[in-house]
Amino acid sequence: MTARRALITGITGQDGSYLAEFLLQQGYAVVGMVRRASTEPFERIAHLRERITLKPADLLDQASLIHLVREVRPHEIYNLASQSFVPTSWEQAVLTAEFTAVGVTRLLEAIRLVDPGIRVYQASTSEIFGKAQEVPQHERTPFYPRSPYGVAKLYGHWITVNYRESYGLFACSGILFNHESPRRGKEFVSRKVTDGVARIKHGLATELKLGNLDARRDWGYAGDYVKAMWLMLQQESPDDYVIATGETHSVRELVQIAFARAGLNWRAHVVEDLALKRPAEVDLLQGDASKAKRVLGWQPEVGFRELIEMMVDADIERYAEALPGSGRSGGR
Ligand code: NAP
Ligand code: GDD
């Protein structure tokens, strides 16, 4: 029997790398869409390079998407590509909308034109709840995005629902709450903190500048969340699901756990920097994933403390390997 084929946009990102690993374990032939760069941004998938195929295309370019879908003819498409850093969305609001909003329509159009039987997953986000209208947030909670990124993602969410209702596409929107890992980009707060802790521990820095310590998020582990994406596409009918742990913690709690893991007192190192505060903040996210638990049989396995400690340990190890005289090489 020939393997099922999955196409992942955003395969070079955090989630793309975990999803590719997971789909390979399930026996899929995995194709990743990558955009051209003058250097190879393939750090997170270096260990998978021999087992996956990479193909060029861009969410900004309609024809490239049609050609790609026609060439690969995947059974499933996971649309993870986007400009995903919230602060950048104020600096590059139009570009964020092009990738993160209209890019979804371009991909759905390619699917509709080439093969409407392809199942598609859209990476939606808890940022669409923004100024949360209720706690916890679930699939029927009203949306109130608070950044150009959140607004663009809300468009991506609704166009996915619309193509499902207009054309009968098997299109699912996963409303995923924050999820992290040792592969998280260093600009996001969890990794910024765990990387900062590791640098301080190794004597490479003495302080860590942070913005709003009072913001609360529902943080889970990326390795758990990619399984939910796959489960959504294995159901009899398409639907949208909240994926979350159900717990909320402040940035301050995250900082305390991370510094304590390294035997450091966070108050001696963390400096509040007003410039890192956002023009409009999302104060509190806490998800209710009971629908995913009931229908998909999904639940998170890695808890908040375990996640942050895993990330601190990985960053401390990473610097230990890289520092001169360690006699070690390689990375995670
Ligand atoms: P990430 O690490 O920032 O990865 C983003 C990916 O998108 C990268 O592979 C990037 O490629 C690619 N990309 C960006 N613009 C593109 C374009 N124009 N054409 C093709 N590829 C493009 O993000 P992540 O954390 O893995 O998140 C995956 C998706 O889930 C994103 O859509 C994000 O918005 C969404 N999401 C994330 C979370 C979370 O907590 N992680 C929660 C909810 C939703 P390059 O390597 O070339 O830059
Ligand atoms: N990045 C960052 N840097 N955030 C900080 C800092 C800092 O120095 N100091 C405090 N924060 C606060 C932010 O103000 C925000 O309230 C919170 O930490 C989390 O910020 P991020 O880690 O940047 O994530 P996010 O919640 O804005 O967005 C992430 O999660 C979304 C899902 O809710 C991204 O992965 C999005 O792509 C994703 O959709």
# chains A, B, ... in the order shown; residues from 1 in each chain; ligands from 1
$ residues_near_ligand --ligand "ligand 2" --cutoff "6 Å" --atoms "only C-alpha atoms and all ligand atoms" --output "ChimeraX atom specification"
/A:84-86,125-127,177-178,187-190,210-213,215,251,276-277,282
$ residues_near_ligand --ligand "ligand 1" --cutoff "6 Å" --atoms "only C-alpha atoms and all ligand atoms" --output "list in words"
Gly10, Ile11, Thr12, Gly13, Gln14, Asp15, Gly16, Val34, Arg35, Pro41, Asp58, Leu59, Leu60, Leu80, Ala81, Ser82, Gln83, Ser84, Phe99, Ala123, Ser124, Thr125, Leu176, Phe177, Asn178, His179 and Gly185 of chain A
$ closest_residue --among "A:Arg305, A:Arg49, A:Lys153, A:Arg191" --to "A:Glu247" --atoms "only C-alpha atoms"
A:Arg305
$ select_by_dssp --residues "stretch 142-270 of chain A" --states "strand (DSSP E or B)" --output "JSON, numbers by chain"
{"A": [171, 172, 173, 174, 175, 176, 179, 180, 208, 209, 210, 216, 217, 220, 221, 241, 242, 243, 249, 250, 270]}
$ write_last_selection --atoms "C-alpha atoms" --output "mmCIF file, in the first residue's frame"
data_model
loop_
_atom_site.group_PDB
_atom_site.id
_atom_site.type_symbol
_atom_site.label_atom_id
_atom_site.label_comp_id
_atom_site.auth_asym_id
_atom_site.auth_seq_id
_atom_site.Cartn_x
_atom_site.Cartn_y
_atom_site.Cartn_z
ATOM 1 C CA ALA A 171 -11.316 21.964 6.535
ATOM 2 C CA CYS A 172 -10.616 22.142 10.279
ATOM 3 C CA SER A 173 -9.474 25.105 12.313
ATOM 4 C CA GLY A 174 -7.501 24.246 15.436
ATOM 5 C CA ILE A 175 -7.749 27.048 18.010
ATOM 6 C CA LEU A 176 -4.487 26.260 19.757
ATOM 7 C CA HIS A 179 2.547 25.832 23.115
ATOM 8 C CA GLU A 180 6.267 25.772 23.660
ATOM 9 C CA LEU A 208 17.171 39.654 31.378
ATOM 10 C CA LYS A 209 14.850 42.407 30.123
ATOM 11 C CA LEU A 210 11.160 41.532 30.051
ATOM 12 C CA ARG A 216 -1.426 35.096 31.875
ATOM 13 C CA ARG A 217 -1.330 32.312 29.315
ATOM 14 C CA GLY A 220 1.271 23.549 26.800
ATOM 15 C CA TYR A 221 3.898 21.405 25.093
ATOM 16 C CA TYR A 241 -11.496 22.578 18.244
ATOM 17 C CA VAL A 242 -9.909 24.424 21.142
ATOM 18 C CA ILE A 243 -6.622 22.795 22.200
ATOM 19 C CA HIS A 249 -0.135 30.972 34.665
ATOM 20 C CA SER A 250 1.463 34.406 34.704
ATOM 21 C CA VAL A 270 15.059 40.347 35.701
#
$ select_by_dssp --residues "stretch 95-197 of chain A" --states "alpha helix (DSSP H)" --output "PyMOL selection string"
chain A and resi 95-96+103-114+148-167+189-197
$ write_last_selection --atoms "N, CA and C atoms" --output "CSV table (one decimal), in the first residue's frame"
chain,number,residue,atom,x,y,z
A,95,LEU,N,2.0,43.2,5.8
A,95,LEU,CA,2.6,41.9,5.5
A,95,LEU,C,2.0,40.7,6.3
A,96,THR,N,1.8,41.0,7.6
A,96,THR,CA,1.2,40.0,8.4
A,96,THR,C,-0.2,39.5,7.9
A,103,GLY,N,-3.1,34.6,2.9
A,103,GLY,CA,-2.4,33.4,2.5
A,103,GLY,C,-3.3,32.2,2.7
A,104,VAL,N,-4.1,32.2,3.7
A,104,VAL,CA,-5.0,31.0,4.0
A,104,VAL,C,-6.0,30.8,2.8
A,105,THR,N,-6.5,32.0,2.3
A,105,THR,CA,-7.4,31.9,1.2
A,105,THR,C,-6.7,31.4,-0.1
A,106,ARG,N,-5.5,31.8,-0.3
A,106,ARG,CA,-4.7,31.4,-1.4
A,106,ARG,C,-4.6,29.8,-1.4
A,107,LEU,N,-4.3,29.3,-0.2
A,107,LEU,CA,-4.1,27.9,-0.1
A,107,LEU,C,-5.4,27.1,-0.3
A,108,LEU,N,-6.5,27.7,0.3
A,108,LEU,CA,-7.8,27.0,0.2
A,108,LEU,C,-8.2,27.0,-1.3
A,109,GLU,N,-7.9,28.1,-2.0
A,109,GLU,CA,-8.2,28.2,-3.4
A,109,GLU,C,-7.5,27.1,-4.2
A,110,ALA,N,-6.2,27.0,-3.9
A,110,ALA,CA,-5.4,25.9,-4.5
A,110,ALA,C,-6.0,24.6,-4.3
A,111,ILE,N,-6.4,24.3,-3.1
A,111,ILE,CA,-7.1,23.0,-2.8
A,111,ILE,C,-8.4,22.8,-3.6
A,112,ARG,N,-9.2,23.9,-3.5
A,112,ARG,CA,-10.5,23.8,-4.2
A,112,ARG,C,-10.3,23.6,-5.7
A,113,LEU,N,-9.3,24.2,-6.3
A,113,LEU,CA,-9.1,24.1,-7.7
A,113,LEU,C,-8.5,22.7,-8.1
A,114,VAL,N,-7.5,22.3,-7.3
A,114,VAL,CA,-6.8,21.0,-7.7
A,114,VAL,C,-7.5,19.8,-7.3
A,148,PRO,N,-2.8,43.1,15.2
A,148,PRO,CA,-2.9,42.8,13.7
A,148,PRO,C,-2.8,41.3,13.5
A,149,TYR,N,-1.9,40.7,14.2
A,149,TYR,CA,-1.8,39.2,14.1
A,149,TYR,C,-3.1,38.5,14.4
A,150,GLY,N,-3.7,38.9,15.6
A,150,GLY,CA,-4.9,38.3,16.0
A,150,GLY,C,-6.0,38.5,15.0
A,151,VAL,N,-6.1,39.7,14.4
A,151,VAL,CA,-7.1,40.0,13.4
A,151,VAL,C,-6.9,39.2,12.2
A,152,ALA,N,-5.6,39.1,11.8
A,152,ALA,CA,-5.3,38.3,10.6
A,152,ALA,C,-5.7,36.8,10.8
A,153,LYS,N,-5.4,36.3,12.0
A,153,LYS,CA,-5.7,34.9,12.3
A,153,LYS,C,-7.2,34.7,12.3
A,154,LEU,N,-7.9,35.7,12.8
A,154,LEU,CA,-9.4,35.6,12.8
A,154,LEU,C,-10.0,35.5,11.4
A,155,TYR,N,-9.4,36.2,10.5
A,155,TYR,CA,-9.8,36.1,9.1
A,155,TYR,C,-9.5,34.6,8.6
A,156,GLY,N,-8.3,34.2,8.9
A,156,GLY,CA,-7.9,32.8,8.5
A,156,GLY,C,-8.8,31.8,9.1
A,157,HIS,N,-9.3,32.0,10.3
A,157,HIS,CA,-10.2,31.1,11.0
A,157,HIS,C,-11.6,31.1,10.2
A,158,TRP,N,-12.1,32.2,10.0
A,158,TRP,CA,-13.4,32.3,9.3
A,158,TRP,C,-13.4,31.9,7.9
A,159,ILE,N,-12.3,32.1,7.2
A,159,ILE,CA,-12.3,31.7,5.8
A,159,ILE,C,-12.2,30.2,5.7
A,160,THR,N,-11.6,29.6,6.7
A,160,THR,CA,-11.6,28.1,6.7
A,160,THR,C,-13.0,27.6,7.0
A,161,VAL,N,-13.7,28.2,7.9
A,161,VAL,CA,-15.1,27.8,8.2
A,161,VAL,C,-15.9,28.0,6.9
A,162,ASN,N,-15.7,29.2,6.3
A,162,ASN,CA,-16.5,29.5,5.1
A,162,ASN,C,-16.3,28.6,3.9
A,163,TYR,N,-15.0,28.1,3.7
A,163,TYR,CA,-14.8,27.2,2.6
A,163,TYR,C,-15.3,25.8,2.9
A,164,ARG,N,-15.4,25.5,4.1
A,164,ARG,CA,-16.0,24.2,4.5
A,164,ARG,C,-17.5,24.3,4.2
A,165,GLU,N,-18.1,25.5,4.6
A,165,GLU,CA,-19.6,25.6,4.4
A,165,GLU,C,-20.0,25.9,3.0
A,166,SER,N,-19.1,26.6,2.2
A,166,SER,CA,-19.4,27.0,0.9
A,166,SER,C,-19.1,25.9,-0.1
A,167,TYR,N,-18.0,25.2,0.1
A,167,TYR,CA,-17.6,24.2,-0.9
A,167,TYR,C,-17.5,22.8,-0.4
A,189,VAL,N,8.2,34.5,24.8
A,189,VAL,CA,8.6,34.8,26.2
A,189,VAL,C,9.2,33.5,26.9
A,190,SER,N,8.6,32.4,26.6
A,190,SER,CA,9.1,31.1,27.3
A,190,SER,C,10.5,30.9,27.0
A,191,ARG,N,10.8,30.9,25.7
A,191,ARG,CA,12.2,30.6,25.3
A,191,ARG,C,13.1,31.7,25.6
A,192,LYS,N,12.6,32.9,25.5
A,192,LYS,CA,13.5,34.1,25.9
A,192,LYS,C,13.9,33.9,27.3
A,193,VAL,N,13.0,33.5,28.2
A,193,VAL,CA,13.4,33.3,29.6
A,193,VAL,C,14.3,32.1,29.8
A,194,THR,N,14.0,31.0,29.2
A,194,THR,CA,14.9,29.8,29.5
A,194,THR,C,16.2,30.0,28.8
A,195,ASP,N,16.3,30.7,27.7
A,195,ASP,CA,17.6,31.0,27.1
A,195,ASP,C,18.4,32.0,28.0
A,196,GLY,N,17.6,33.0,28.5
A,196,GLY,CA,18.2,34.0,29.4
A,196,GLY,C,18.8,33.3,30.6
A,197,VAL,N,18.0,32.4,31.2
A,197,VAL,CA,18.5,31.7,32.4
A,197,VAL,C,19.8,30.9,32.1
$ atom_distance --atom1 "atom CA of A:Ala262" --atom2 "atom CA of A:Ile316"
8.5 Å
$ atom_distance --atom1 "atom CA of A:Gly27" --atom2 "atom CA of A:Leu7"
13.6 Å
$ atom_distance --atom1 "atom CA of A:Leu169" --atom2 "atom CA of A:Arg73"
15.3 Å
$ closest_residue --among "A:Arg51, A:Lys291, A:Arg318, A:Arg119" --to "A:Ala6" --atoms "only C-alpha atoms"
A:Arg119
$ closest_residue --among "A:Arg140, A:Lys131, A:His47, A:Arg5" --to "A:Glu76" --atoms "only C-alpha atoms"
A:Arg5
$ closest_residue --among "A:Leu48, A:Ala228, A:Ala320, A:Leu264" --to "A:Lys293" --atoms "only C-alpha atoms"
A:Ala228
$ residues_around --residues "A:Lys227" --least-positions-apart "2" --cutoff "8 Å" --atoms "only C-alpha atoms" --output "VMD selection string"
chain A and resid 19 22 223 to 225 229 to 231 298
$ write_last_selection --atoms "N, CA, C and O atoms" --output "compact mmCIF listing (two decimals), in the first residue's frame"
# COMPACT_ATOMS: atom_id res chain seq x y z
N LEU A 19 5.41 18.16 14.03
CA LEU A 19 4.38 17.49 13.23
C LEU A 19 5.02 16.54 12.21
O LEU A 19 4.53 15.42 12.00
N PHE A 22 5.99 13.44 13.96
CA PHE A 22 4.82 12.64 14.32
C PHE A 22 4.24 11.92 13.10
O PHE A 22 3.93 10.73 13.15
N GLY A 223 4.84 19.23 21.39
CA GLY A 223 4.79 17.82 21.00
C GLY A 223 3.42 17.20 21.23
O GLY A 223 2.98 16.32 20.47
N ASP A 224 2.73 17.65 22.27
CA ASP A 224 1.35 17.17 22.54
C ASP A 224 0.37 17.76 21.53
O ASP A 224 -0.58 17.10 21.10
N TYR A 225 0.59 19.03 21.16
CA TYR A 225 -0.42 19.75 20.38
C TYR A 225 -0.46 19.30 18.91
O TYR A 225 -1.52 19.35 18.28
N MET A 229 -3.67 18.17 15.97
CA MET A 229 -3.88 18.60 14.57
C MET A 229 -4.23 17.39 13.71
O MET A 229 -5.15 17.41 12.90
N TRP A 230 -3.43 16.35 13.88
CA TRP A 230 -3.63 15.13 13.09
C TRP A 230 -4.99 14.49 13.40
O TRP A 230 -5.73 14.10 12.49
N LEU A 231 -5.32 14.41 14.69
CA LEU A 231 -6.59 13.79 15.09
C LEU A 231 -7.78 14.49 14.43
O LEU A 231 -8.75 13.84 14.02
N TRP A 298 -8.29 13.57 22.86
CA TRP A 298 -6.99 14.23 23.07
C TRP A 298 -6.89 14.83 24.45
O TRP A 298 -7.86 15.39 24.95
